[in-house]
Each structure stands twice: as structure tokens, then as C-alpha cells.
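Have a look at the structure below before the remarks.
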Amino acid sequence: MRNSNAAAARLATVVIVFGLSQLAYAQPANPAWIQLHPTGGPPGARLVPAAAYDPATNSMIVFGGEAQLSATSNNYNDVWVLANADGLGGTPAWTQLAPFGLAPIPRFGAGAAYDPGSNRLIVFGGAYVDYPAISGACTSFVNGGTANDVWVLTNANGSGGAPSWTPLVPMGVPPAPRRTSVVVYDAANNRLIVFGGSEACGKLNDVWVLSNANGLGGTPAWTQLNPSGALPATRGEIGSAGAYDAANNQLIIFGGRSDLAVLNDVWVLSNANGLGGTPAWTQLSPSGALPPGREAHAVTYDAAANTLTVIGGADFSETQLFSDVWQLSTANGLGGTPGWTQLTPSGAGPLPRAGHTAVYHQTTRRSVIFGGVSCVPCAGLNDTWVLADVVPFAAFSAAAQIHPASSAFTVQGAFTPGSGGSIDPLTQDVTLQLGGFSATIPAGSFAAMGGSFTFTGVINGVPMDATMQQQTGGYAFTFDGAGAPNLPAANPVTVGLGIGNNGGTVQVTATSN
């Protein structure tokens, strides 16, 4: 967000913006929100941290960020690693690293990339002063507070030895200092790609490449690219809103903040690493209704499906935070016409928020988001959520009984897991939907007893009992509750069940007495 301290007053009167339209476009399967409950830590609440992902160890690495929305806000330069970051493979756990060497100045809005081959985190730029809004002529003094330095953290995932910070000293003219720029990494060629970003005096739309970016294989060197074609508008507050398509050497960007508006355009830069030909910008023209323009949002890219997912963000006035999720098909512009679809994830989610960061696990098709800010009241965040593709049940049936006088209910049914689905109530969130009522039983709440999984407890003030029993071809289930709000008053009634990223819904005729 362009001025985090000044934004506090604007955000105090925040208006939450929900999904604005449904699309007549091929609808992908809706994902599910799952909140993680890691052991260890957690990191302090923060806005616009930098994050990167190590797929080999399923770890998210978080660096820096701004502590809070306040005039006395401090910045971080700490490093945290979240193990089992996508919520699978074991209990997620935070560990704070204690690197050797001189550390980067505390900052927010830096860009980060991870090199899996060398286990190194590469950090570029950011801001160490939350500069005020600028009026009148901009001077070099006023335009201070941003950085263009490059740092490398060895053993960045916390394994292989003691982590250590090393500043790089690249050859060539460097990019101008900036924050919240798009920073992506071409691991095959060890090249860091930087686009745009904010400085106190304005926004940028230049593209730079750092060769030997991890500090190995030769002296790092900066090169400014000169793409052909029309250029995207200058923009900032886009640090988590770009993605690299390694197979096609393309940079994809969405949205951001220009001097006069927030944007909702999509651009693709070919030959983005400066190799293979002249780089060229192409603006995509997707079908479907467009997402509202936004800044301080996050995107993730699924290379196998060629989809870009947009999560949250803020409007130009920074008095509205978005709670919507959008997906762009054919996101690199190759192989068909791109198309926008608004998703409606199941489960109680983390939105609205802005200034968060996101990473993506391609194998499990899970986005992991961390931090940011929500309102009202406005406060920095340190929670972690997963947006998981839903594996639909192969079969799902249910019956519901509702007792209006006591707001009690009983839901019984059965399901067969879908292809590729994995059911484990001991380690997965379990969400029941009954009309307008929804309750999520957190992972770890069920107990295994004689081939059944059972839960007895209170969820959001509602006493509940739940049982899941394995049977031939799937599972049978029963949920009972009392004092539940928002129970449906008329038929048909939607019953939904989600277990991890597995789920299904069905319309039933409920009985009542």
C-alpha cells in the first residue's frame, strides 16, 4: 500500500467489498479455504513481507515486513521458515532462523526468490522508511527510504548448515531504488527478473535482469531490458502480483497502483529473462467480467493448468479491502483465449485483506498466504491460510432434520472420496454446511476410536457431535448440533461437507419438528 502509516486513517473507515459478479464462462471447480495452526513462533504480525517457497521441503520462507499500521511502526529483517507449509505431510511448524553475518536493514516491500539448487534466498530492494505522501517537487532527499541492494541468504530453508547473509555487489548500472516491485526468478539460468515498483516520487514500469543472481557461477550483473511493443502503465504495490512461466520464459503481471488509479489489466512479457530473443510486452484481452482494479493483492500461478489466481487486495482510496478470489485461464496468452472466472471458495476464509504474500505448491495445487492487514479495527496479521483445489466426492448423499424451536439439527449421509482425494479427519479441517449455517471443526479435533472418527465440542458457540465411520466404498457420517444460527427455514436445503480439500454439496428436502 502506497503509504502504510497514512493508510491507517483511511482504513479505519474500511468498506468490505465482496464478489461483484458471476461469469458466464467455463467455471472451474471452486477451491476451499483451510486455516493452518502451526506450532512454534509465530512471526510477529506484518504487512508486505517477502516470501518464497521451497517445493522440495514444502517450506515457505518469510523475510521482513512492516510491523503495524501506525506512526511508530517498525520494520523487520527476521527470517522465518514454515515447515509443511501447504498443510500436508505433517503439522506445520514455524522456526525462526538466526543467520550469521551482517543482516539487511529492516525493511518492507522487498522482493524475494528462492533457488532450490543452492538453497539460497535472494532478496532485492524494499523500503526502510515509510515515506509520506509527496506534494510539490520531488527531490532526491524526499525520494529516499527505498533500497536497490541485493542480498543472498545461504541454507535458507534451515537445513544443510548454518544460514548466513551475504550482500552482493553486481556489476553494471543498478535499477533505481524501489519497493513492492515484481521479483521473479529463472532458476534454470540463475537470473532474477524485476519489474516496476514504487518510489516516493512515483511509479516505475522498467524491467531489469540480474545474472548470476544467487552469487554463484560468476559475478552478478544488472542489465536493463528494452522490450518492444506498448508498455504497461507505471505501477507499484504489485510485489506479490507477478508470476514467472519458466517453460515459456514469460513474466505475467496483474493490476497494481498507478499514479491515478488501481489497475486490473494483464500483461505478458516474452523472453522475460533477456535470453532467446527480443523481449516484448503483450496486453491480454480476457473474456468474462473483469476483476475490480486493485493494489497490494497476491497472485499464484499454476504452470500445469496455465491459470493465474488473484487473492484480495485494496482499492485506490485504500478504504476498501477485497474479499474476492479470481482465476484467469490461459494466463500466459498461449493456446487459447484467456478468461476470467470469479471463484467462491468454501470454508471460513481469511479475506478481506491486503498487503499479504502468497506462494504456491504446484504438486498439491495449494496456495499459501501469510500476513497482511485486515480491518476493522485495522491491524497487521500473522495467520497462515491455504487455498486448496477441491477434489469433489465421487458420490455424496445426505439427509437433514431441523428443530426450529431449539435451533438444533441432525445431518446424516455418506460419501465416496473422489479420484486423487485423501481423507484424514485427524489432520484435516472438517466443515459442515447446512443452508446458511457453517461450522469448521479444526484439524486435530477428531479422535480415532474403533475404526470411527469422533468429535464432541463447541464450535463458534454451537455444541456439536460428529462421527465418521469408514465403510465399503467410502464413509458414513452424522453431525448433531444445537443453538445453531442461520438454519434454513424452507426447502430445498443445501448440505455441504468439506474434509481438507475434499468436498461435495447436495440439495435435500429437510424434515422439521
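Residues are referred to by chain and number: the chain letter is A, B, ... according to the order shown in the C-alpha cells, the number counts from 1 in that chain, and ligands are numbered separately from 1 in the order shown.
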
request  = May I have the residues within 10 Å of A:Asn30 as a PyMOL selection string, using only C-alpha atoms and disregarding those fewer than 2 positions away in the same chain?
outcome  = chain A and resi 27-28+32+325+342-346+387-392

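Atom CA of A:Gly421 is positioned 28.7 Å from atom CA of A:Asn157.
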
inquiry  = What's around A:Leu204 at 6 Å? Count only C-alpha atoms, leave out sequence neighbours fewer than 3 positions away in its own chain, and write the answer as an NGL selection string.
reply    = :A and (196-197 or 234-235)

Would you save the residues of that selection, restricted to C-alpha atoms, as a PDB file, in the first residue's frame?
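The resulting file, result-v2.pdb, is reproduced below:
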```pdb
ATOM      1  CA  GLY A 196       8.152  -1.837 -11.816  1.00  0.00           C
ATOM      2  CA  GLY A 197       7.522  -0.850  -8.226  1.00  0.00           C
ATOM      3  CA  THR A 234       3.864   2.547 -14.476  1.00  0.00           C
ATOM      4  CA  ARG A 235       2.721   0.871 -11.288  1.00  0.00           C
TER       5      ARG A 235
END
```

inquiry  = When you look at stretch 45-49 of chain A with a cut-off of 10 Å (counting only C-alpha atoms), what residues show up, excluding the ones that are within fewer than 6 positions of it in the same chain? I need them as number ranges by chain.
reply    = A: 1, 4, 62-69, 73-77, 107-112, 126, 179-180, 237, 239-240, 296-297, 354-358, 370-374, 379-383

Could you please take those selected residues and save N, CA and C atoms as a compact mmCIF listing (two decimals), in the first residue's frame?
```txt
# COMPACT_ATOMS: atom_id res chain seq x y z
N MET A 1 0.86 -1.17 0.00
CA MET A 1 0.00 0.00 0.00
C MET A 1 0.90 1.23 0.00
N SER A 4 1.83 3.20 4.14
CA SER A 4 1.17 2.33 5.11
C SER A 4 0.72 3.09 6.34
N VAL A 62 9.93 -16.64 4.91
CA VAL A 62 9.39 -15.27 5.04
C VAL A 62 10.49 -14.36 5.55
N PHE A 63 10.64 -13.20 4.88
CA PHE A 63 11.63 -12.22 5.29
C PHE A 63 10.98 -10.85 5.46
N GLY A 64 11.29 -10.18 6.58
CA GLY A 64 10.97 -8.77 6.76
C GLY A 64 9.49 -8.47 6.79
N GLY A 65 9.17 -7.20 6.49
CA GLY A 65 7.81 -6.70 6.52
C GLY A 65 7.67 -5.55 7.49
N GLU A 66 6.54 -4.86 7.41
CA GLU A 66 6.25 -3.74 8.31
C GLU A 66 5.38 -4.24 9.45
N ALA A 67 5.72 -3.80 10.68
CA ALA A 67 5.10 -4.40 11.85
C ALA A 67 3.63 -4.08 11.98
N GLN A 68 3.23 -2.82 11.82
CA GLN A 68 1.85 -2.44 12.06
C GLN A 68 1.51 -1.20 11.25
N LEU A 69 0.22 -0.88 11.18
CA LEU A 69 -0.23 0.38 10.59
C LEU A 69 -0.27 1.43 11.68
N SER A 73 5.41 2.57 13.63
CA SER A 73 5.61 1.22 13.12
C SER A 73 7.09 0.92 12.90
N ASN A 74 7.48 -0.28 13.24
CA ASN A 74 8.83 -0.74 12.99
C ASN A 74 8.83 -1.72 11.83
N ASN A 75 10.01 -1.93 11.27
CA ASN A 75 10.18 -2.91 10.20
C ASN A 75 10.99 -4.09 10.72
N TYR A 76 10.83 -5.21 10.02
CA TYR A 76 11.53 -6.44 10.39
C TYR A 76 12.65 -6.74 9.39
N ASN A 77 13.65 -7.47 9.86
CA ASN A 77 14.61 -8.11 8.96
C ASN A 77 14.86 -9.55 9.39
N ARG A 107 13.21 -3.85 6.67
CA ARG A 107 12.50 -3.26 5.52
C ARG A 107 11.20 -3.99 5.25
N PHE A 108 10.38 -3.35 4.41
CA PHE A 108 9.14 -3.97 3.93
C PHE A 108 9.05 -3.75 2.43
N GLY A 109 8.24 -4.53 1.78
CA GLY A 109 8.06 -4.38 0.34
C GLY A 109 9.25 -4.84 -0.47
N ALA A 110 10.12 -5.66 0.11
CA ALA A 110 11.22 -6.25 -0.66
C ALA A 110 10.68 -7.37 -1.54
N GLY A 111 11.47 -7.75 -2.54
CA GLY A 111 11.16 -8.92 -3.35
C GLY A 111 12.10 -10.05 -2.97
N ALA A 112 11.60 -11.28 -3.04
CA ALA A 112 12.42 -12.43 -2.69
C ALA A 112 12.19 -13.57 -3.67
N GLY A 126 13.18 -2.90 -1.50
CA GLY A 126 12.29 -2.70 -0.38
C GLY A 126 12.41 -1.28 0.15
N ARG A 179 10.34 -0.18 -3.94
CA ARG A 179 9.68 -1.20 -3.11
C ARG A 179 8.49 -1.76 -3.88
N THR A 180 7.97 -2.86 -3.39
CA THR A 180 6.77 -3.53 -3.92
C THR A 180 6.82 -3.67 -5.44
N GLU A 237 3.02 -1.24 -5.74
CA GLU A 237 2.17 -2.04 -4.85
C GLU A 237 1.72 -3.31 -5.56
N GLY A 239 4.00 -6.13 -5.50
CA GLY A 239 5.08 -7.03 -5.16
C GLY A 239 4.72 -8.50 -5.14
N SER A 240 3.47 -8.84 -4.81
CA SER A 240 3.05 -10.25 -4.79
C SER A 240 2.12 -10.56 -5.95
N ALA A 296 -1.81 -4.10 -3.75
CA ALA A 296 -1.47 -4.85 -2.53
C ALA A 296 -2.18 -6.19 -2.46
N HIS A 297 -2.39 -6.81 -3.62
CA HIS A 297 -3.01 -8.13 -3.71
C HIS A 297 -1.92 -9.18 -3.89
N ALA A 354 -5.26 -7.11 2.65
CA ALA A 354 -4.34 -6.59 1.65
C ALA A 354 -2.93 -6.63 2.24
N GLY A 355 -1.93 -6.48 1.38
CA GLY A 355 -0.56 -6.47 1.85
C GLY A 355 -0.04 -7.82 2.29
N HIS A 356 -0.72 -8.91 1.88
CA HIS A 356 -0.29 -10.25 2.22
C HIS A 356 0.66 -10.77 1.14
N THR A 357 1.25 -11.90 1.41
CA THR A 357 2.10 -12.55 0.43
C THR A 357 1.58 -13.95 0.17
N ALA A 358 1.97 -14.54 -0.95
CA ALA A 358 1.46 -15.87 -1.30
C ALA A 358 2.53 -16.67 -2.02
N PHE A 370 0.13 -15.55 3.74
CA PHE A 370 0.60 -15.20 5.08
C PHE A 370 0.57 -13.69 5.24
N GLY A 371 0.17 -13.24 6.45
CA GLY A 371 0.31 -11.85 6.84
C GLY A 371 -0.64 -10.91 6.13
N GLY A 372 -0.28 -9.62 6.14
CA GLY A 372 -1.11 -8.59 5.56
C GLY A 372 -1.83 -7.79 6.62
N VAL A 373 -2.92 -7.14 6.22
CA VAL A 373 -3.69 -6.30 7.12
C VAL A 373 -5.18 -6.55 6.88
N SER A 374 -5.95 -6.48 7.94
CA SER A 374 -7.41 -6.52 7.82
C SER A 374 -7.99 -5.40 8.68
N ALA A 379 -5.34 -3.85 11.67
CA ALA A 379 -4.23 -4.48 12.38
C ALA A 379 -3.47 -5.38 11.43
N GLY A 380 -2.17 -5.47 11.66
CA GLY A 380 -1.36 -6.42 10.92
C GLY A 380 -1.72 -7.84 11.31
N LEU A 381 -1.39 -8.78 10.43
CA LEU A 381 -1.79 -10.18 10.61
C LEU A 381 -0.56 -11.08 10.57
N ASN A 382 -0.66 -12.22 11.22
CA ASN A 382 0.40 -13.23 11.15
C ASN A 382 -0.17 -14.63 11.03
N ASP A 383 -1.39 -14.72 10.50
CA ASP A 383 -2.01 -16.03 10.32
C ASP A 383 -1.64 -16.60 8.95
```

Contacts of stretch 271-284 of chain A within 9 Å, only C-alpha atoms, excl. fewer than 6 positions in-chain, as a PyMOL selection string = chain A and resi 185-186+189+191-193+207-210+223-232+244+248-251+265+331-333+337-338

Counting only C-alpha atoms, give me one row per residue of stretch 53-158 of chain A with an atom at most 12 Å from an atom of stretch 485-506 of chain A, showing the shortest contact pair and its distance in Å to one decimal, sorted by chain then residue number, as JSON lines.
```
{"residue": "A:Asp86", "atom": "CA", "partner": "A:Gly500", "partner_atom": "CA", "distance": 11.2}
{"residue": "A:Gly87", "atom": "CA", "partner": "A:Gly500", "partner_atom": "CA", "distance": 9.2}
{"residue": "A:Leu88", "atom": "CA", "partner": "A:Gly500", "partner_atom": "CA", "distance": 9.5}
```

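Between atom CA of A:Pro352 and atom CA of A:Pro291 the separation is 14.8 Å.
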